[in-house]
Amino acid sequence: MEIPDLRKEQQQTLDTPRLHYSLLARMLFFGMDIFYGRKRTLSKFKVLEVIARVPYQAWEHVAYIAMTHKYGEPDFARRIFDFVTEARQQQDNEQWHLLILEEMIDQQGLKEGFFRYRLLPQIIAFFYYHVSWALYVVRPSLSYRLNVYFEDHAEHEYMEFVRDNPDLEQIPFKSIFEKDYGAFANQADVFRRIGLDEREHKRESLARIDQPRFN
Ligand SMILES: [Fe+2]
Ligand SMILES: [Fe+2]
């Protein structure tokens with residue numbers, strides 16, 4: 001696999017305007033700003049990652065239900081299986097983001113209140129899961145589009161976080177997840193890589209918008 005020039009990728013995001021978000025997406029981001037502040041912090045990113053995984057879980061769930069009904073049609077079942085595999089990979093990728101952030105928060109000894117950082121993210125994720133699920137059942141493109149906005153927002157947030165915190169360039173990245181997620185010279189590069197992942201998630205959802213279910 002080609003190794004990306006992470007600085008160039010960051011610049012590309014910064015040079016690209018954000019998408020025009022839907023009302024639902026804007027409500028979500030606005031709600032997050034109210035509860036977690038507008039400032040980009042590790043703790044706020046962690047909440048973002050708790051929520052980021054759930055559309056993939058919702059799609060996987062719907063796909064398994066379809067598989068149960070249609071396993072008698074091998075071609076269809078095959079496509080569903082490939083669909084599930086992609087959703088799983090994205091979910092795992094978001095999971096590494098979450099674990100890496102949790103580890104950094106722990107290393108820095110940051111204090112997080114139980115309600116705002118444990119309970120509330122679970123509640124938001126619960127609702128977001130059901131919204132993603134219901135939209136997918138009604139029309140998959142609606143669910144993908146919401147995720148496109150979510151991922152576009154995340155991509156910009158991470159790249160702007162690196163831009164606004166130049167000291168990250170000097171902080172080495174030490175992690176028990178290096179073997180899984182990759183080794184990086186410093187924390188700035190880790191966040192650039194995470195931002196780039198979010199862009200790839202966005203592209204994958206965009207590519208699915210005009211396709212029928214599980215294609
Ligand atoms: Fe993520
Ligand atoms: Fe993502």
# chains A, B, ... in the order shown; residues from 1 in each chain; ligands from 1

$ residues_near_ligand --ligand "ligand 2" --cutoff "10 Å" --atoms "only C-alpha atoms and all ligand atoms" --output "PyMOL selection string"
chain A and resi 48-49+51-53+55-56+90-91+93-95+97+147-148+150-155+194-202

$ residues_around --residues "Glu60 (chain A)" --least-positions-apart "3" --cutoff "6 Å" --atoms "only C-alpha atoms" --output "PDB file with C-alpha atoms, in the first residue's frame"
ATOM      1  CA  GLN A  57     -23.361  -1.378  13.119  1.00  0.00           C
ATOM      2  CA  ALA A  63     -27.748  -6.754   6.204  1.00  0.00           C
ATOM      3  CA  VAL A  84     -21.050  -6.671   5.723  1.00  0.00           C
TER       4      VAL A  84
END

$ closest_residue --among "A:Leu142, A:Val47, A:Met67, A:Ala125" --to "Leu99 (chain A)" --atoms "only C-alpha atoms"
A:Val47

$ closest_residue --among "A:Leu206, A:His130, A:Gly113, A:Trp96" --to "Asp180 (chain A)" --atoms "only C-alpha atoms"
A:Trp96

$ atom_distance --atom1 "CA of Thr68 (chain A)" --atom2 "CA of Ile80 (chain A)"
10.5 Å

$ residues_around --residues "region 160-170 of chain A" --least-positions-apart "3" --cutoff "7 Å" --atoms "only C-alpha atoms" --output "list in words"
Arg40, His156, Glu157, Asn186, Gln187, Ala188 and Phe191 of chain A

$ write_last_selection --atoms "C-alpha atoms" --output "short mmCIF file (atom, residue, chain, number, x, y, z; two decimals), in the first residue's frame"
data_model
loop_
_atom_site.label_atom_id
_atom_site.label_comp_id
_atom_site.auth_asym_id
_atom_site.auth_seq_id
_atom_site.Cartn_x
_atom_site.Cartn_y
_atom_site.Cartn_z
CA ARG A 40 -11.71 20.60 19.66
CA HIS A 156 -12.31 18.64 8.92
CA GLU A 157 -12.37 18.63 12.72
CA ASN A 186 4.36 12.14 16.30
CA GLN A 187 0.79 12.77 17.39
CA ALA A 188 0.18 15.31 14.62
CA PHE A 191 -4.48 12.78 13.82
#

$ closest_residue --among "A:Leu110, A:Val190, A:Leu23, A:Leu6" --to "ligand 1" --atoms "only C-alpha atoms and all ligand atoms"
A:Val190

$ closest_residue --among "A:Asp92, A:Asp82, A:Glu9, A:Asp15" --to "ligand 1" --atoms "only C-alpha atoms and all ligand atoms"
A:Asp92

$ atom_distance --atom1 "CA of Trp59 (chain A)" --atom2 "CA of Ser132 (chain A)"
7.8 Å

$ residues_around --residues "Phe35 (chain A)" --least-positions-apart "2" --cutoff "10 Å" --atoms "only C-alpha atoms" --output "ChimeraX atom specification"
/A:30-33,37-38,44,116-117,120

$ decode --residues "region 169-188 of chain A" --atoms "C-alpha atoms" --output "short mmCIF file (atom, residue, chain, number, x, y, z; two decimals), in the first residue's frame"
data_model
loop_
_atom_site.label_atom_id
_atom_site.label_comp_id
_atom_site.auth_asym_id
_atom_site.auth_seq_id
_atom_site.Cartn_x
_atom_site.Cartn_y
_atom_site.Cartn_z
CA GLU A 169 4.37 17.77 16.01
CA GLN A 170 6.75 17.43 18.96
CA ILE A 171 4.82 14.84 20.95
CA PRO A 172 5.89 11.28 20.15
CA PHE A 173 3.21 8.68 19.52
CA LYS A 174 3.54 5.80 21.95
CA SER A 175 0.72 3.32 21.88
CA ILE A 176 -0.10 -0.30 22.54
CA PHE A 177 -2.13 -0.11 19.30
CA GLU A 178 0.82 0.71 17.03
CA LYS A 179 0.88 -2.83 15.69
CA ASP A 180 -2.78 -2.59 14.74
CA TYR A 181 -3.12 0.98 13.60
CA GLY A 182 0.40 1.91 12.55
CA ALA A 183 3.50 3.64 13.92
CA PHE A 184 3.77 7.41 13.52
CA ALA A 185 6.57 9.90 14.18
CA ASN A 186 4.36 12.14 16.30
CA GLN A 187 0.79 12.77 17.39
CA ALA A 188 0.18 15.31 14.62
#
